[in-house]
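The file run-v9.csv comes next; it holds CSV, C-alpha atoms.
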chain,number,residue,atom,x,y,z
U,470,MET,CA,0.0,0.0,0.0
U,471,LYS,CA,1.4,3.4,-1.0
U,472,ARG,CA,1.8,5.7,2.0
U,473,VAL,CA,0.0,9.0,1.6
U,474,PRO,CA,1.9,11.9,3.2
U,475,ARG,CA,0.0,13.8,5.9
U,476,LYS,CA,-0.9,17.3,5.2
U,477,LYS,CA,-0.8,20.3,7.4
U,478,VAL,CA,-3.7,20.7,9.8
U,479,ASP,CA,-4.7,24.4,10.4
U,480,GLY,CA,-1.4,25.4,8.9
U,481,ARG,CA,0.7,23.2,11.3
U,482,LEU,CA,2.9,20.3,10.6
U,483,PRO,CA,1.8,16.7,11.6
U,484,ILE,CA,2.5,15.9,15.2
U,485,GLU,CA,5.4,13.5,14.3
U,486,LYS,CA,7.2,16.3,12.5
U,487,ARG,CA,6.6,18.8,15.3
U,488,PHE,CA,7.5,16.7,18.3
U,489,VAL,CA,8.8,13.2,17.5
U,490,GLN,CA,11.4,14.0,14.9
U,491,PRO,CA,13.1,16.8,16.9
U,492,ILE,CA,13.4,14.4,19.8
U,493,LEU,CA,15.0,11.7,17.7
U,494,GLN,CA,17.2,14.0,15.7
U,495,PRO,CA,20.2,14.1,18.1
U,496,TYR,CA,20.3,10.3,18.1
U,497,ARG,CA,20.1,10.1,14.3
U,498,VAL,CA,22.8,12.7,13.9
U,499,TYR,CA,25.0,10.7,16.3
U,500,VAL,CA,24.4,7.5,14.3
U,501,GLY,CA,25.2,9.4,11.1
U,502,ILE,CA,28.5,10.5,12.4
U,503,PHE,CA,29.4,7.1,13.8
U,504,PRO,CA,27.7,4.6,11.5
U,505,ASN,CA,29.1,1.6,13.4
U,506,MET,CA,27.2,2.6,16.6
U,507,THR,CA,24.3,0.3,17.5
U,508,LEU,CA,23.8,1.3,21.1
U,509,ARG,CA,22.6,4.5,22.8
U,510,PRO,CA,25.4,7.1,22.6
U,511,VAL,CA,26.3,6.9,26.3
U,512,LEU,CA,26.4,3.1,26.3
U,513,GLN,CA,28.4,3.1,23.0
U,514,ARG,CA,30.9,5.4,24.7
U,515,LEU,CA,31.3,3.0,27.6
U,516,LEU,CA,31.5,0.0,25.3
U,517,ASN,CA,34.3,1.6,23.3
U,518,SER,CA,36.2,2.3,26.5
U,519,VAL,CA,36.0,-1.3,27.8
U,520,ASN,CA,36.9,-2.6,24.4
U,521,GLN,CA,39.9,-0.3,24.2
U,522,VAL,CA,41.1,-1.5,27.6
U,523,SER,CA,40.6,-5.2,26.5
U,524,GLU,CA,42.6,-4.7,23.3
U,525,GLU,CA,45.5,-2.9,25.1
U,526,PHE,CA,45.4,-5.6,27.8
U,527,GLU,CA,46.0,-8.3,25.2
U,528,ARG,CA,48.6,-6.3,23.4
U,529,ARG,CA,50.6,-4.8,26.3
U,530,VAL,CA,50.0,-6.8,29.5
U,531,VAL,CA,49.5,-10.4,28.4
U,532,PRO,CA,53.1,-10.6,26.9
U,533,MET,CA,54.7,-9.3,30.1
U,534,SER,CA,56.7,-11.7,32.2
U,535,GLU,CA,55.7,-12.8,35.7
U,536,LEU,CA,58.6,-10.8,37.1
U,537,ASP,CA,57.4,-7.6,35.5
U,538,LEU,CA,53.8,-8.2,36.6
U,539,LEU,CA,54.9,-8.6,40.2
U,540,ALA,CA,57.5,-5.8,40.2
U,541,ARG,CA,56.6,-3.2,43.0
U,542,PRO,CA,57.6,0.3,41.9
U,543,GLY,CA,57.7,1.7,45.5
U,544,GLU,CA,56.5,1.3,49.0
U,545,ASN,CA,52.8,1.0,49.4
U,546,GLN,CA,52.3,0.9,45.6
U,547,TRP,CA,50.5,-1.8,43.8
U,548,THR,CA,52.1,-4.0,41.3
U,549,ILE,CA,50.5,-4.3,37.8
U,550,ALA,CA,49.2,-7.7,38.8
U,551,GLU,CA,47.6,-6.2,41.9
U,552,ILE,CA,46.0,-3.4,39.9
U,553,ILE,CA,44.4,-5.9,37.6
U,554,GLU,CA,43.4,-8.1,40.6
U,555,HIS,CA,41.8,-5.0,42.2
U,556,LEU,CA,39.7,-4.6,39.0
U,557,ASN,CA,38.8,-8.3,39.2
U,558,LEU,CA,37.5,-7.9,42.7
U,559,VAL,CA,35.4,-4.8,41.8
U,560,HIS,CA,34.0,-6.4,38.7
U,561,SER,CA,33.3,-9.7,40.4
U,562,VAL,CA,30.9,-7.9,42.7
U,563,THR,CA,29.5,-5.2,40.5
U,564,VAL,CA,28.8,-7.2,37.3
U,565,PRO,CA,26.3,-9.6,39.0
U,566,ARG,CA,24.5,-6.6,40.5
U,567,PHE,CA,24.1,-5.0,37.1
U,568,PHE,CA,22.6,-8.2,35.7
U,569,SER,CA,20.3,-8.5,38.7
U,570,ALA,CA,19.1,-4.9,38.1
U,571,LEU,CA,18.5,-5.6,34.4
U,572,GLU,CA,16.3,-8.6,35.2
U,573,VAL,CA,13.6,-6.4,36.7
U,574,ALA,CA,14.0,-3.4,34.4
U,575,PRO,CA,11.2,-2.9,31.8
U,576,ALA,CA,11.9,-2.9,28.1
U,577,VAL,CA,13.4,0.3,26.8
U,578,GLY,CA,10.5,1.7,24.8
U,579,GLY,CA,10.9,5.4,23.8
U,580,GLU,CA,13.6,6.1,26.3
U,581,ARG,CA,16.3,4.9,23.9
U,582,SER,CA,16.2,8.2,22.1
U,583,LEU,CA,16.5,10.4,25.2
U,584,GLU,CA,19.6,11.8,26.8
U,585,MET,CA,20.5,10.3,30.2
U,586,LYS,CA,20.3,12.8,33.1
U,587,TYR,CA,22.3,12.4,36.3
U,588,ARG,CA,21.7,13.7,39.8
U,589,VAL,CA,24.4,15.8,41.6
U,590,LYS,CA,25.6,12.8,43.7
U,591,ASP,CA,25.7,10.7,40.6
U,592,LYS,CA,27.9,13.2,38.8
U,593,ILE,CA,30.2,13.5,41.9
U,594,PHE,CA,30.5,9.7,42.0
U,595,ILE,CA,31.5,9.5,38.3
U,596,ARG,CA,34.0,12.3,38.7
U,597,ALA,CA,35.5,10.6,41.7
U,598,MET,CA,36.0,7.4,39.8
U,599,SER,CA,37.5,9.0,36.7
U,600,PRO,CA,41.1,9.6,35.8
U,601,GLY,CA,42.5,12.9,36.9
U,602,PHE,CA,40.5,13.2,40.1
U,603,PRO,CA,42.7,15.2,42.5
U,604,LEU,CA,42.0,13.2,45.6
U,605,LYS,CA,43.1,9.7,46.3
U,606,LEU,CA,40.1,7.8,47.8
U,607,PRO,CA,40.6,5.0,50.3
U,608,VAL,CA,40.1,1.5,48.9
U,609,PRO,CA,37.4,-0.5,50.7
U,610,PRO,CA,39.0,-3.6,52.4
U,611,VAL,CA,36.8,-5.9,50.3
U,612,PHE,CA,38.6,-4.6,47.2
U,613,GLU,CA,42.2,-4.7,48.5
U,614,PRO,CA,44.1,-7.0,46.1
U,615,THR,CA,46.3,-9.9,47.2
U,616,VAL,CA,48.2,-11.7,44.5
U,617,THR,CA,49.8,-15.1,45.3
U,618,GLY,CA,51.2,-17.4,42.8
U,619,ALA,CA,51.6,-16.8,39.1
U,620,PRO,CA,49.3,-14.0,37.9
U,621,LYS,CA,49.6,-15.1,34.2
U,622,GLY,CA,47.7,-18.2,35.1
U,623,ILE,CA,45.0,-16.8,37.4
U,624,VAL,CA,44.7,-13.0,37.5
U,625,LEU,CA,45.0,-12.3,33.7
U,626,PRO,CA,42.5,-14.9,32.5
U,627,LYS,CA,40.0,-13.8,35.2
U,628,PHE,CA,40.3,-10.2,34.0
U,629,ARG,CA,39.7,-11.3,30.4
U,630,GLY,CA,36.5,-13.1,31.4
U,631,LEU,CA,35.2,-10.3,33.5
U,632,GLN,CA,35.8,-7.8,30.7
U,633,ALA,CA,33.6,-10.0,28.4
U,634,GLU,CA,30.9,-10.0,31.1
U,635,LEU,CA,31.1,-6.2,31.4
U,636,VAL,CA,30.7,-5.9,27.7
U,637,ARG,CA,27.6,-8.1,27.9
U,638,VAL,CA,26.2,-5.8,30.7
U,639,ILE,CA,26.6,-2.8,28.5
U,640,LYS,CA,25.0,-4.4,25.5
U,641,GLU,CA,22.1,-5.8,27.4
U,642,SER,CA,21.5,-2.4,29.1
U,643,ASP,CA,20.5,-0.9,25.8
U,644,ALA,CA,17.3,-3.0,25.7
U,645,LYS,CA,16.1,-1.7,29.1
U,646,GLN,CA,14.7,1.4,30.6
U,647,LEU,CA,17.5,2.8,32.8
U,648,ALA,CA,16.4,6.3,33.8
U,649,LYS,CA,14.7,5.2,37.1
U,650,LEU,CA,16.8,2.1,37.7
U,651,THR,CA,19.1,2.2,40.8
U,652,ILE,CA,21.8,0.0,42.3
U,653,LEU,CA,23.2,-0.4,45.8
U,654,THR,CA,27.0,0.1,46.1
U,655,PRO,CA,28.9,-3.0,47.2
U,656,ALA,CA,31.1,-0.8,49.5
U,657,ASN,CA,28.1,0.6,51.4
U,658,GLU,CA,24.7,-1.1,51.2
U,659,ARG,CA,23.0,2.1,52.5
U,660,ILE,CA,24.1,4.1,49.5
U,661,HIS,CA,22.6,3.8,46.1
U,662,PHE,CA,23.2,5.5,42.8
U,663,SER,CA,21.4,5.5,39.5
U,664,TYR,CA,22.1,2.4,37.4
U,665,MET,CA,23.7,4.4,34.6
U,666,ALA,CA,25.9,6.5,37.0
U,667,TYR,CA,27.2,3.3,38.6
U,668,LEU,CA,27.9,1.7,35.3
U,669,GLU,CA,29.7,4.7,34.0
U,670,GLY,CA,31.6,5.1,37.3
U,671,THR,CA,32.7,1.4,37.0
U,672,VAL,CA,34.0,2.0,33.5
U,673,MET,CA,35.7,5.2,34.5
U,674,HIS,CA,37.3,3.5,37.5
U,675,GLU,CA,38.7,0.9,35.1
U,676,GLN,CA,40.1,3.7,33.0
U,677,TYR,CA,41.7,5.3,36.1
U,678,HIS,CA,43.6,2.2,36.9
U,679,TRP,CA,44.4,1.4,33.3
U,680,SER,CA,46.1,4.8,33.0
U,681,GLN,CA,48.3,3.7,35.9
U,682,ILE,CA,49.3,0.5,34.1
U,683,VAL,CA,50.0,2.4,30.9
U,684,LYS,CA,52.1,4.9,32.7
U,685,ARG,CA,54.0,2.1,34.5
U,686,ILE,CA,54.7,0.2,31.2
U,687,GLY,CA,55.7,3.4,29.4

Could you express the structure from this file as structure tokens?
Amino acid sequence: MKRVPRKKVDGRLPIEKRFVQPILQPYRVYVGIFPNMTLRPVLQRLLNSVNQVSEEFERRVVPMSELDLLARPGENQWTIAEIIEHLNLVHSVTVPRFFSALEVAPAVGGERSLEMKYRVKDKIFIRAMSPGFPLKLPVPPVFEPTVTGAPKGIVLPKFRGLQAELVRVIKESDAKQLAKLTILTPANERIHFSYMAYLEGTVMHEQYHWSQIVKRIG
């Protein structure tokens, strides 16, 4: 059946041209600039970040010797193996929480085309987790790394697997409504953040520690 274009009513454009198209336009523009993007812009950005770390991990860390992975640059400083194990500990706790939250989240619907908005505490959390934050935050005891034995046989494979799970979290998030979804922090069960803020904070936290590894490797 041939579609008949809608005409102006009382001199006005049809409702989809007045309201729907302007809402969708930013998303369409983003897709036009980045044709390989299939997720919402914020999720695609996080996915790109995780994929970048995974690629550099395989290229720069995996070939390292056990001795280099366990070399301590100074007193009270983590080795590269300990940095990676710290990320393992964080992701081992947070990834299951993300999946649990997604299980009860409704399908995305029209939210997919809307920009995510963060509350003030969400923005502070993301900033505190990101590279370049001026203050060094204390590490909760549950996330203090301890590496015993050969990291190439335990720590590195575990990181590779958790990265794959984090990628799955990001991709599956795209099919859900996320604006009102919240998540409790593993470090303090009395504090909760928006789902997207905690997901972005998790990825930025990974970037923060990855920048330490890159600086260490040189």

>> Ranking U:Leu512, U:Val573, U:Val519, U:Leu631 by minimum distance to Ser561 in chain U and counting all atoms listed in the file, which one comes first?
In response: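 Counting all atoms listed in the file, the residue closest to Ser561 in chain U is U:Leu631.
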
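The list of residues with at least one atom within 12 Å of Arg514 in chain U, based on only C-alpha atoms and without residues fewer than 4 positions apart in the same chain, reads Tyr499, Phe503, Met506, Thr507, Leu508, Arg509, Pro510, Ser518, Val519, Asn520, Gln521, Val636, Ile639, Lys640, Leu668, Glu669, Val672 and Met673 of chain U.
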
> Mind pulling up the distance from CA of His555 in chain U to CA of Val683 in chain U?
Replying inline: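 Value for the CA of Val683 in chain U-CA of His555 in chain U distance: 15.8 Å.
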
>> For a quick check of understanding, using all atoms listed in the file, which of U:Lys621, U:Arg528, U:His674, U:Lys645 has the smallest distance to Ala550 in chain U?
In response: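 Among the listed residues, the smallest separation from Ala550 in chain U belongs to U:Lys621.
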
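Ranking U:Val589, U:Val624, U:Ala540, U:Leu571 by their shortest atom-to-atom distance to Asn557 in chain U, with only C-alpha atoms included, puts U:Val624 first.
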
>> So, with only C-alpha atoms as the atoms that count, which of U:Leu556, U:Leu538, U:Ile549, U:Ala570 lies closest to Gln632 in chain U?
In response: U:Leu556

> Expressed in Å to a single decimal, how great is the separation between CA of Glu554 in chain U and CA of Pro614 in chain U?
Replying inline: 5.7 Å

> Which value, in Å to one decimal, gives the distance between CA of Ile686 in chain U and CA of Arg529 in chain U?
Replying inline: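 For CA of Ile686 in chain U relative to CA of Arg529 in chain U, the distance reads 8.1 Å.
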